[in-house]
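Student: File model.cif follows (mmCIF, C-alpha atoms):
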data_final
#
loop_
_atom_site.label_atom_id
_atom_site.label_comp_id
_atom_site.auth_asym_id
_atom_site.auth_seq_id
_atom_site.Cartn_x
_atom_site.Cartn_y
_atom_site.Cartn_z
CA MET U 282 -197.68 -12.56 -167.84
CA THR U 283 -199.33 -9.25 -167.04
CA VAL U 284 -202.95 -8.22 -166.80
CA GLU U 285 -202.79 -6.91 -170.35
CA THR U 286 -201.71 -10.27 -171.76
CA GLY U 287 -204.25 -12.19 -169.83
CA GLY U 288 -202.36 -14.02 -167.13
CA LEU U 289 -200.69 -13.68 -163.76
CA VAL U 290 -199.38 -10.41 -162.38
CA GLU U 291 -195.79 -10.12 -161.34
CA GLN U 292 -195.83 -9.00 -157.70
CA SER U 293 -193.33 -6.20 -158.35
CA LYS U 294 -195.42 -4.64 -161.12
CA ASN U 295 -198.64 -2.68 -161.44
CA ASN U 296 -198.28 -1.40 -157.87
CA ILE U 297 -199.09 -4.79 -156.38
CA THR U 298 -197.30 -6.36 -153.44
CA THR U 299 -197.95 -9.58 -151.55
CA THR U 300 -197.33 -10.05 -147.84
CA VAL U 301 -196.52 -13.46 -146.42
CA LYS U 302 -196.26 -13.91 -142.67
CA HIS U 303 -195.48 -17.18 -140.92
CA VAL U 304 -197.30 -17.63 -137.62
CA ASN U 305 -197.07 -20.95 -135.77
CA ASN U 306 -196.00 -22.70 -138.98
CA ARG U 307 -199.05 -21.34 -140.79
CA VAL U 308 -199.19 -18.58 -143.36
CA ARG U 309 -201.02 -15.32 -143.89
CA TYR U 310 -201.49 -13.95 -147.37
CA GLY U 311 -202.67 -10.62 -148.63
CA ASN U 312 -202.52 -8.64 -151.85
CA LYS U 313 -202.75 -4.91 -151.47
CA THR U 314 -202.73 -2.07 -153.94
CA GLU U 315 -200.46 0.92 -153.37
CA LYS U 316 -201.39 4.08 -155.22
CA LYS U 317 -197.99 5.37 -156.23
CA ASN U 318 -199.42 7.18 -159.21
CA ARG U 319 -202.44 9.45 -158.87
CA SER U 320 -203.55 8.58 -162.38
CA TYR U 321 -203.87 4.92 -161.36
CA LYS U 322 -207.50 4.17 -160.54
CA LYS U 323 -208.94 0.85 -159.48
CA MET U 324 -212.15 -0.29 -157.85
CA ARG U 325 -211.02 -2.39 -154.90
CA ARG U 326 -212.72 -5.76 -154.66
CA GLU U 327 -211.55 -8.43 -152.29
CA VAL U 328 -212.08 -12.05 -151.38
CA VAL U 329 -211.80 -12.14 -147.59
CA PHE U 330 -211.37 -15.15 -145.29
CA PRO U 331 -211.51 -15.22 -141.47
CA ARG U 332 -208.77 -17.89 -141.59
CA VAL U 333 -206.85 -20.03 -144.04
CA PRO U 334 -208.75 -23.28 -144.79
CA ASP U 335 -206.75 -26.36 -143.82
CA VAL U 336 -206.68 -27.85 -147.33
CA LEU U 337 -205.42 -24.57 -148.79
CA GLN U 338 -202.75 -24.40 -146.11
CA GLN U 339 -201.76 -27.98 -146.93
CA LEU U 340 -201.52 -27.11 -150.61
CA PHE U 341 -199.34 -24.09 -149.89
CA VAL U 342 -196.92 -26.03 -147.66
CA SER U 343 -196.66 -28.89 -150.18
CA CYS U 344 -195.91 -26.45 -153.01
CA THR U 345 -193.09 -24.86 -151.00
CA GLN U 346 -191.60 -28.34 -150.55
CA ILE U 347 -192.08 -29.60 -154.11
CA PHE U 348 -191.41 -26.77 -156.57
CA ARG U 349 -187.77 -25.80 -157.07
CA GLY U 350 -187.92 -23.12 -159.73
CA PRO U 351 -187.24 -22.92 -163.48
CA GLY U 352 -186.18 -26.10 -165.26
CA PHE U 353 -187.62 -28.40 -162.60
CA VAL U 354 -190.44 -30.87 -163.30
CA PRO U 355 -191.84 -32.59 -160.18
CA PRO U 356 -191.41 -36.37 -160.07
CA ALA U 357 -194.48 -38.60 -160.34
CA SER U 358 -194.69 -39.10 -156.56
CA ASP U 359 -194.91 -35.34 -155.96
CA VAL U 360 -197.38 -34.89 -158.82
CA ASN U 361 -199.61 -37.50 -157.22
CA LYS U 362 -199.25 -35.83 -153.82
CA LEU U 363 -200.40 -32.46 -155.16
CA CYS U 364 -203.23 -34.06 -157.16
CA ASP U 365 -204.48 -35.81 -154.02
CA ILE U 366 -204.64 -32.48 -152.19
CA ILE U 367 -206.21 -30.50 -155.03
CA ASP U 368 -208.74 -33.25 -155.78
CA LYS U 369 -210.13 -32.75 -152.26
CA MET U 370 -210.61 -29.01 -152.67
CA LYS U 371 -214.16 -27.68 -152.80
CA PRO U 372 -215.48 -24.24 -153.82
CA GLU U 373 -216.03 -23.30 -150.18
CA ASP U 374 -212.33 -23.90 -149.47
CA VAL U 375 -211.61 -20.78 -151.49
CA GLY U 376 -214.79 -18.89 -150.58
CA LEU U 377 -216.70 -19.44 -153.81
CA SER U 378 -220.38 -19.47 -154.72
CA LYS U 379 -222.16 -18.94 -158.04
CA ASN U 380 -223.69 -15.71 -156.69
CA LEU U 381 -220.40 -13.81 -156.49
CA GLN U 382 -220.24 -10.61 -158.53
CA PHE U 383 -217.36 -11.68 -160.76
CA PHE U 384 -219.44 -14.51 -162.25
CA LYS U 385 -221.74 -11.90 -163.79
CA PRO U 386 -220.83 -10.69 -167.32
CA THR U 387 -218.93 -7.37 -167.26
CA GLY U 388 -216.46 -5.59 -169.50
CA ALA U 389 -217.53 -7.50 -172.60
CA VAL U 390 -215.30 -7.33 -175.66
CA ASN U 391 -217.27 -8.02 -178.83
CA ARG U 392 -219.98 -9.48 -176.59
CA THR U 393 -217.54 -11.85 -174.89
CA PRO U 394 -217.56 -11.38 -171.08
CA ARG U 395 -214.30 -10.53 -169.35
CA VAL U 396 -212.54 -13.08 -167.16
CA THR U 397 -211.61 -12.12 -163.60
CA TYR U 398 -208.69 -13.61 -161.70
CA THR U 399 -206.99 -13.40 -158.34
CA THR U 400 -203.52 -14.44 -157.22
CA ILE U 401 -203.60 -16.18 -153.84
CA TYR U 402 -199.84 -16.47 -153.58
CA GLN U 403 -196.83 -16.09 -155.87
CA CYS U 404 -193.09 -16.53 -155.55
CA ASP U 405 -190.26 -17.45 -157.95
CA GLN U 406 -191.00 -21.17 -157.60
CA PHE U 407 -194.80 -21.33 -157.94
CA SER U 408 -198.07 -19.45 -157.87
CA LEU U 409 -201.64 -20.20 -156.78
CA CYS U 410 -204.43 -18.41 -158.61
CA ILE U 411 -208.13 -18.66 -159.44
CA PHE U 412 -209.84 -17.68 -162.68
CA PHE U 413 -213.52 -16.71 -162.67
CA LEU U 414 -215.35 -17.08 -165.99
CA PRO U 415 -218.90 -15.84 -166.58
CA GLU U 416 -220.99 -17.91 -168.97
CA THR U 417 -219.52 -17.90 -172.55
CA ALA U 418 -216.27 -16.26 -171.35
CA VAL U 419 -213.08 -17.51 -172.99
CA ILE U 420 -209.44 -17.77 -171.95
CA PRO U 421 -207.95 -17.98 -175.45
CA LEU U 422 -205.50 -20.62 -176.67
CA HIS U 423 -202.18 -20.03 -174.88
CA ASN U 424 -199.06 -21.87 -173.74
CA HIS U 425 -197.17 -22.50 -170.50
CA PRO U 426 -193.44 -22.39 -171.36
CA GLU U 427 -191.23 -24.62 -169.18
CA MET U 428 -194.06 -24.95 -166.67
CA THR U 429 -195.92 -27.71 -164.85
CA VAL U 430 -199.52 -26.68 -164.20
CA PHE U 431 -202.20 -28.28 -162.03
CA SER U 432 -205.77 -27.20 -162.87
CA LYS U 433 -208.92 -27.93 -160.90
CA LEU U 434 -212.41 -26.97 -162.08
CA LEU U 435 -214.07 -25.91 -158.84
CA LEU U 436 -217.40 -24.70 -160.19
CA GLY U 437 -219.38 -24.95 -163.40
CA LYS U 438 -219.14 -26.61 -166.78
CA MET U 439 -216.26 -25.82 -169.12
CA HIS U 440 -215.08 -26.79 -172.58
CA ILE U 441 -211.33 -27.42 -172.68
CA LYS U 442 -209.33 -27.70 -175.88
CA SER U 443 -205.61 -28.46 -175.66
CA TYR U 444 -202.62 -29.30 -177.84
CA ASP U 445 -199.01 -30.41 -177.60
CA TRP U 446 -196.39 -29.69 -180.26
CA VAL U 447 -195.55 -32.48 -182.68
CA GLU U 448 -191.87 -33.36 -182.44
CA PRO U 449 -189.67 -33.16 -184.42
CA LYS U 450 -190.94 -29.72 -185.31
CA ASP U 451 -193.10 -29.58 -188.44
CA SER U 452 -193.93 -26.13 -189.78
CA ILE U 453 -194.98 -24.37 -192.98
CA PRO U 454 -192.46 -21.67 -193.94
CA PRO U 455 -192.54 -18.74 -194.20
CA SER U 456 -195.73 -18.67 -192.11
CA LYS U 457 -195.85 -19.06 -188.32
CA LEU U 458 -197.88 -22.27 -188.60
CA ARG U 459 -196.62 -25.24 -186.61
CA LEU U 460 -198.06 -28.73 -186.35
CA ALA U 461 -199.64 -29.76 -183.04
CA ARG U 462 -201.45 -32.81 -181.72
CA LEU U 463 -204.90 -32.42 -180.17
CA LYS U 464 -204.90 -33.72 -176.58
CA ALA U 465 -208.34 -32.70 -175.32
CA ASN U 466 -211.53 -31.34 -176.85
CA SER U 467 -214.27 -32.03 -174.33
CA VAL U 468 -216.68 -30.50 -171.85
CA TYR U 469 -215.90 -31.02 -168.16
CA THR U 470 -218.28 -30.57 -165.24
CA ALA U 471 -217.28 -29.86 -161.64
CA PRO U 472 -216.45 -31.69 -159.49
CA CYS U 473 -213.78 -33.43 -161.55
CA ASN U 474 -210.23 -34.61 -161.03
CA THR U 475 -207.18 -32.38 -161.25
CA SER U 476 -205.57 -32.14 -164.68
CA VAL U 477 -201.81 -31.77 -165.07
CA LEU U 478 -199.87 -30.34 -167.99
CA TYR U 479 -196.10 -30.45 -168.39
CA PRO U 480 -193.58 -28.39 -170.39
CA THR U 481 -193.95 -30.61 -173.50
CA THR U 482 -196.87 -32.95 -172.75
CA GLY U 483 -200.32 -33.12 -171.20
CA GLY U 484 -201.87 -30.37 -173.33
CA ASN U 485 -199.45 -27.52 -172.61
CA ILE U 486 -201.34 -25.22 -175.01
CA HIS U 487 -204.97 -24.89 -174.00
CA GLN U 488 -208.16 -22.84 -174.21
CA PHE U 489 -210.98 -22.57 -171.67
CA THR U 490 -214.56 -21.72 -172.67
CA ALA U 491 -217.22 -21.40 -169.95
CA VAL U 492 -220.43 -23.28 -170.76
CA THR U 493 -221.81 -22.07 -167.41
CA PRO U 494 -220.20 -19.73 -164.85
CA CYS U 495 -216.90 -21.39 -163.88
CA ALA U 496 -214.06 -21.13 -161.42
CA VAL U 497 -210.67 -22.76 -162.02
CA LEU U 498 -207.85 -23.13 -159.52
CA ASP U 499 -204.39 -23.14 -161.12
CA VAL U 500 -201.10 -24.09 -159.51
CA LEU U 501 -198.23 -23.04 -161.76
CA GLY U 502 -194.63 -24.04 -161.24
CA PRO U 503 -192.83 -21.86 -162.00
CA PRO U 504 -195.12 -18.86 -162.72
CA TYR U 505 -194.98 -16.74 -165.87
CA SER U 506 -192.05 -14.33 -166.01
CA LYS U 507 -191.00 -12.05 -168.84
CA GLU U 508 -187.59 -11.57 -167.23
CA ASP U 509 -186.94 -15.32 -167.34
CA ASP U 510 -188.29 -15.71 -170.89
CA ARG U 511 -191.48 -17.44 -169.72
CA ASP U 512 -193.98 -15.01 -171.17
CA CYS U 513 -197.29 -16.24 -172.52
CA SER U 514 -197.87 -16.78 -176.24
CA TYR U 515 -201.30 -16.96 -177.91
CA TYR U 516 -202.36 -19.09 -180.86
CA LYS U 517 -205.07 -19.60 -183.44
CA ASP U 518 -205.75 -23.18 -184.49
CA PHE U 519 -206.65 -24.57 -187.91
CA PRO U 520 -207.65 -28.07 -189.09
CA TYR U 521 -204.79 -30.16 -190.44
CA SER U 522 -206.35 -30.27 -193.91
CA ALA U 523 -206.54 -26.48 -194.15
CA PHE U 524 -202.82 -26.07 -194.94
CA SER U 525 -201.59 -29.54 -195.88
CA ASN U 526 -201.07 -30.17 -199.58
CA GLU U 527 -202.52 -33.21 -201.29
CA GLY U 528 -199.30 -35.22 -201.14
CA GLU U 529 -198.87 -34.65 -197.42
CA THR U 530 -202.50 -35.49 -196.73
CA THR U 531 -202.23 -38.89 -198.43
CA ARG U 532 -199.35 -39.81 -196.09
CA VAL U 533 -201.54 -39.24 -193.04
CA SER U 534 -204.59 -41.38 -192.35
CA GLU U 535 -207.99 -39.79 -191.86
CA GLU U 536 -207.97 -40.86 -188.21
CA GLU U 537 -204.58 -39.22 -187.64
CA ARG U 538 -205.71 -36.03 -189.39
CA GLU U 539 -208.54 -35.58 -186.90
CA GLY U 540 -205.99 -35.51 -184.10
CA LEU U 541 -203.70 -32.93 -185.74
CA GLY U 542 -203.95 -29.20 -186.22
CA TRP U 543 -201.89 -26.20 -187.25
CA LEU U 544 -201.25 -23.49 -184.68
CA GLU U 545 -200.33 -19.94 -185.63
CA GLU U 546 -198.85 -17.62 -183.02
CA ILE U 547 -200.80 -14.37 -182.79
CA GLU U 548 -200.77 -11.16 -180.80
CA ALA U 549 -202.70 -11.26 -177.54
CA PRO U 550 -206.40 -11.15 -178.52
CA GLU U 551 -208.81 -8.70 -176.93
CA ASN U 552 -210.49 -11.41 -174.89
CA ALA U 553 -207.14 -12.15 -173.23
CA MET U 554 -207.64 -8.98 -171.16
CA MET U 555 -208.60 -9.83 -167.57
CA ASP U 556 -209.80 -8.00 -164.49
CA ARG U 557 -207.92 -8.55 -161.24
CA ILE U 558 -209.35 -8.69 -157.74
CA ASP U 559 -207.45 -8.68 -154.47
CA TRP U 560 -207.24 -11.72 -152.24
CA VAL U 561 -207.00 -11.33 -148.47
CA LEU U 562 -206.63 -14.25 -146.07
CA LYS U 563 -206.46 -13.71 -142.34
CA LEU U 564 -205.95 -16.06 -139.38
#
Would you put the structure from the file into structure tokens?
Tutor:
Amino acid sequence: MTVETGGLVEQSKNNITTTVKHVNNRVRYGNKTEKKNRSYKKMRREVVFPRVPDVLQQLFVSCTQIFRGPGFVPPASDVNKLCDIIDKMKPEDVGLSKNLQFFKPTGAVNRTPRVTYTTIYQCDQFSLCIFFLPETAVIPLHNHPEMTVFSKLLLGKMHIKSYDWVEPKDSIPPSKLRLARLKANSVYTAPCNTSVLYPTTGGNIHQFTAVTPCAVLDVLGPPYSKEDDRDCSYYKDFPYSAFSNEGETTRVSEEEREGLGWLEEIEAPENAMMDRIDWVLKL
């Protein structure tokens, strides 16, 4: 995913590089912008640490041991290990407070505030990133192809709606509508437990809406990559009854209908655009 499509930035693109230095079995991280094109303009904003918090260091080391690249889904024991670490993380472990500038509405599109994000670390196997959502901001309905994702709401109150595809595939030709099962449609308040989605289960297609200013930590394994055919797709959802004919509807109970919906793949919406900030950690 790129900034324009609302997700992570590939480290080799958009003039962004990431340095990783191992010192006494610990790690330094830093994103820096190189102005290779004079027409490229960017207001530099950074999140700066005097040192890497222990729990963040523990998360990084565990990710290097657990994630093995595309096609790999961590076993239950490793999922539990990462959840135990992430569950312990607090806003201060990543330098957050509700008074930070990126929680204030800026760059609104049709009165919807822009989301800001930062990439703490990224490699071919996994990435660590944080999304900052001002009140009412939305990360639109999108998928995570062939990915296992750990999400932790660090600050705020957020509405999460998620789906998984119904298998075998059920679609309405010639449209792009495909049947999906609703997995979550609730408001969550920090602190709460880590949620995990998998390539085909756990709510792989989800949408975040900030009820109050929010911050979400995401661990993605592997990260988005256009080159590896793991680009992000966006969707619009419809009630099951909106496109099901009368005969089909009678074969599905009312209770089942409430848990089903049709998803239509769409172009990246305007509110998928995000602002990026740099992340600098120093020992």
Student: Residues within 12 Å of Pro351 (chain U), please, as an mmCIF file with C-alpha atoms, in the frame of the given file. Count all atoms listed in the file; anything in the same chain fewer than 4 positions from it doesn't count.
Tutor:
data_model
loop_
_atom_site.group_PDB
_atom_site.id
_atom_site.type_symbol
_atom_site.label_atom_id
_atom_site.label_comp_id
_atom_site.auth_asym_id
_atom_site.auth_seq_id
_atom_site.Cartn_x
_atom_site.Cartn_y
_atom_site.Cartn_z
ATOM 1 C CA PRO U 355 -191.840 -32.590 -160.180
ATOM 2 C CA CYS U 404 -193.090 -16.530 -155.550
ATOM 3 C CA ASP U 405 -190.260 -17.450 -157.950
ATOM 4 C CA GLN U 406 -191.000 -21.170 -157.600
ATOM 5 C CA PHE U 407 -194.800 -21.330 -157.940
ATOM 6 C CA PRO U 426 -193.440 -22.390 -171.360
ATOM 7 C CA GLU U 427 -191.230 -24.620 -169.180
ATOM 8 C CA MET U 428 -194.060 -24.950 -166.670
ATOM 9 C CA THR U 429 -195.920 -27.710 -164.850
ATOM 10 C CA PRO U 480 -193.580 -28.390 -170.390
ATOM 11 C CA LEU U 501 -198.230 -23.040 -161.760
ATOM 12 C CA GLY U 502 -194.630 -24.040 -161.240
ATOM 13 C CA PRO U 503 -192.830 -21.860 -162.000
ATOM 14 C CA PRO U 504 -195.120 -18.860 -162.720
ATOM 15 C CA TYR U 505 -194.980 -16.740 -165.870
ATOM 16 C CA SER U 506 -192.050 -14.330 -166.010
ATOM 17 C CA GLU U 508 -187.590 -11.570 -167.230
ATOM 18 C CA ASP U 509 -186.940 -15.320 -167.340
ATOM 19 C CA ASP U 510 -188.290 -15.710 -170.890
ATOM 20 C CA ARG U 511 -191.480 -17.440 -169.720
#
Student: How big is the axis-aligned box around the listed atoms of region 479-490 of chain U once 6 Å is added on each side, and where is its centre? Give both in Å to one decimal, as lines of an AutoDock Vina configuration file.
Tutor:
center_x = -204.1
center_y = -27.4
center_z = -171.7
size_x = 33.0
size_y = 23.4
size_z = 18.6
Student: Which value, in Å to one decimal, gives the distance between CA of Phe489 (chain U) and CA of Asp556 (chain U)?
Tutor: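 Between CA of Phe489 (chain U) and CA of Asp556 (chain U) the gap works out to 16.3 Å.
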Student: Which residues, named as in the file, does the PyMOL selection byres ((chain U and resi 535-542) around 8) pick out? Answer as a PyMOL selection string.
Tutor: chain U and resi 460-464+518-522+533-534+543-544
Student: Could you tell me how far CA of Thr417 (chain U) sits from CA of Glu551 (chain U), in Å to one decimal place?
Tutor: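 Value for the CA of Glu551 (chain U)-CA of Thr417 (chain U) distance: 14.8 Å.
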Student: Let me make sure I understand: among U:Val375, U:Ser467, U:Cys473, U:His425, which one has the smallest atom-to-atom distance to Thr400 (chain U) if we use all atoms listed in the file?
Tutor: U:Val375
Student: Apply the PyMOL selection byres ((chain U and resi 423) around 7) to the file shown and report the selected residues as a list in words.
Tutor: Pro421, Leu422, Asn424, Ile486, His487, Gln488, Cys513, Ser514, Tyr515 and Tyr516 of chain U
Student: Once you have the residues from the selection above, write them out as a PDB file, in the frame of the given file, restricted to C-alpha atoms.
Tutor:
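Contents of the output file selection17.pdb:
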ATOM      1  CA  PRO U 421    -207.950 -17.980-175.450  1.00  0.00           C
ATOM      2  CA  LEU U 422    -205.500 -20.620-176.670  1.00  0.00           C
ATOM      3  CA  ASN U 424    -199.060 -21.870-173.740  1.00  0.00           C
ATOM      4  CA  ILE U 486    -201.340 -25.220-175.010  1.00  0.00           C
ATOM      5  CA  HIS U 487    -204.970 -24.890-174.000  1.00  0.00           C
ATOM      6  CA  GLN U 488    -208.160 -22.840-174.210  1.00  0.00           C
ATOM      7  CA  CYS U 513    -197.290 -16.240-172.520  1.00  0.00           C
ATOM      8  CA  SER U 514    -197.870 -16.780-176.240  1.00  0.00           C
ATOM      9  CA  TYR U 515    -201.300 -16.960-177.910  1.00  0.00           C
ATOM     10  CA  TYR U 516    -202.360 -19.090-180.860  1.00  0.00           C
TER      11      TYR U 516
END
Student: Point out the residue among U:Ile558, U:Leu478, U:Ile547, U:Leu458 with the least atom-to-atom distance to Asp499 (chain U), counting all atoms listed in the file.
Tutor: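 Ranking U:Ile558, U:Leu478, U:Ile547, U:Leu458 by distance to Asp499 (chain U), first place goes to U:Leu478.
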Student: Report, in Å with one decimal, the straight-line distance from CA of Pro455 (chain U) to CA of Lys442 (chain U).
Tutor: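 Here the two named atoms are 26.4 Å from each other.
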Student: Apply the PyMOL selection byres ((chain U and resi 365) around 12) to the displayed file and report the matching residues as a list in words.
Tutor: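 Written out, the selection comes to Val336, Gln339, Leu340, Ser343, Ser358, Asp359, Val360, Asn361, Lys362, Leu363, Cys364, Ile366, Ile367, Asp368, Lys369, Met370, Phe431, Lys433, Asn474, Thr475 and Ser476 of chain U.
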Student: Of the residues U:Phe353, U:Ile411, U:Arg557, U:Glu545, which is the one nearest to Ser452 (chain U), using all atoms listed in the file?
Tutor: U:Glu545
Student: Just checking: using all atoms listed in the file, which residue out of U:Ala491, U:Val342, U:Ile347, U:Leu377 ends up closest to Thr470 (chain U)?
Tutor: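 Nearest candidate to Thr470 (chain U) out of U:Ala491, U:Val342, U:Ile347, U:Leu377: U:Ala491.
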Student: Pick from U:Pro394, U:Val497, U:Gly484, U:Ala471: nearest to Trp446 (chain U), with all atoms listed in the file counted?
Tutor: U:Gly484
Student: Using only C-alpha atoms, which of U:Thr481, U:Thr399, U:Met555, U:Ala496 sits nearest Val447 (chain U)?
Tutor: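 Among U:Thr481, U:Thr399, U:Met555, U:Ala496, it is U:Thr481 that comes nearest to Val447 (chain U).
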Student: Identify, on the basis of all atoms listed in the file, every residue whose closest approach to Val419 (chain U) does not exceed 12 Å; exclude the query and any residue fewer than 5 positions from it along the same chain; express the result as an NGL selection string.
Tutor: :U and (287 or 386 or 389-397 or 412-414 or 439-442 or 487-495 or 550-555)
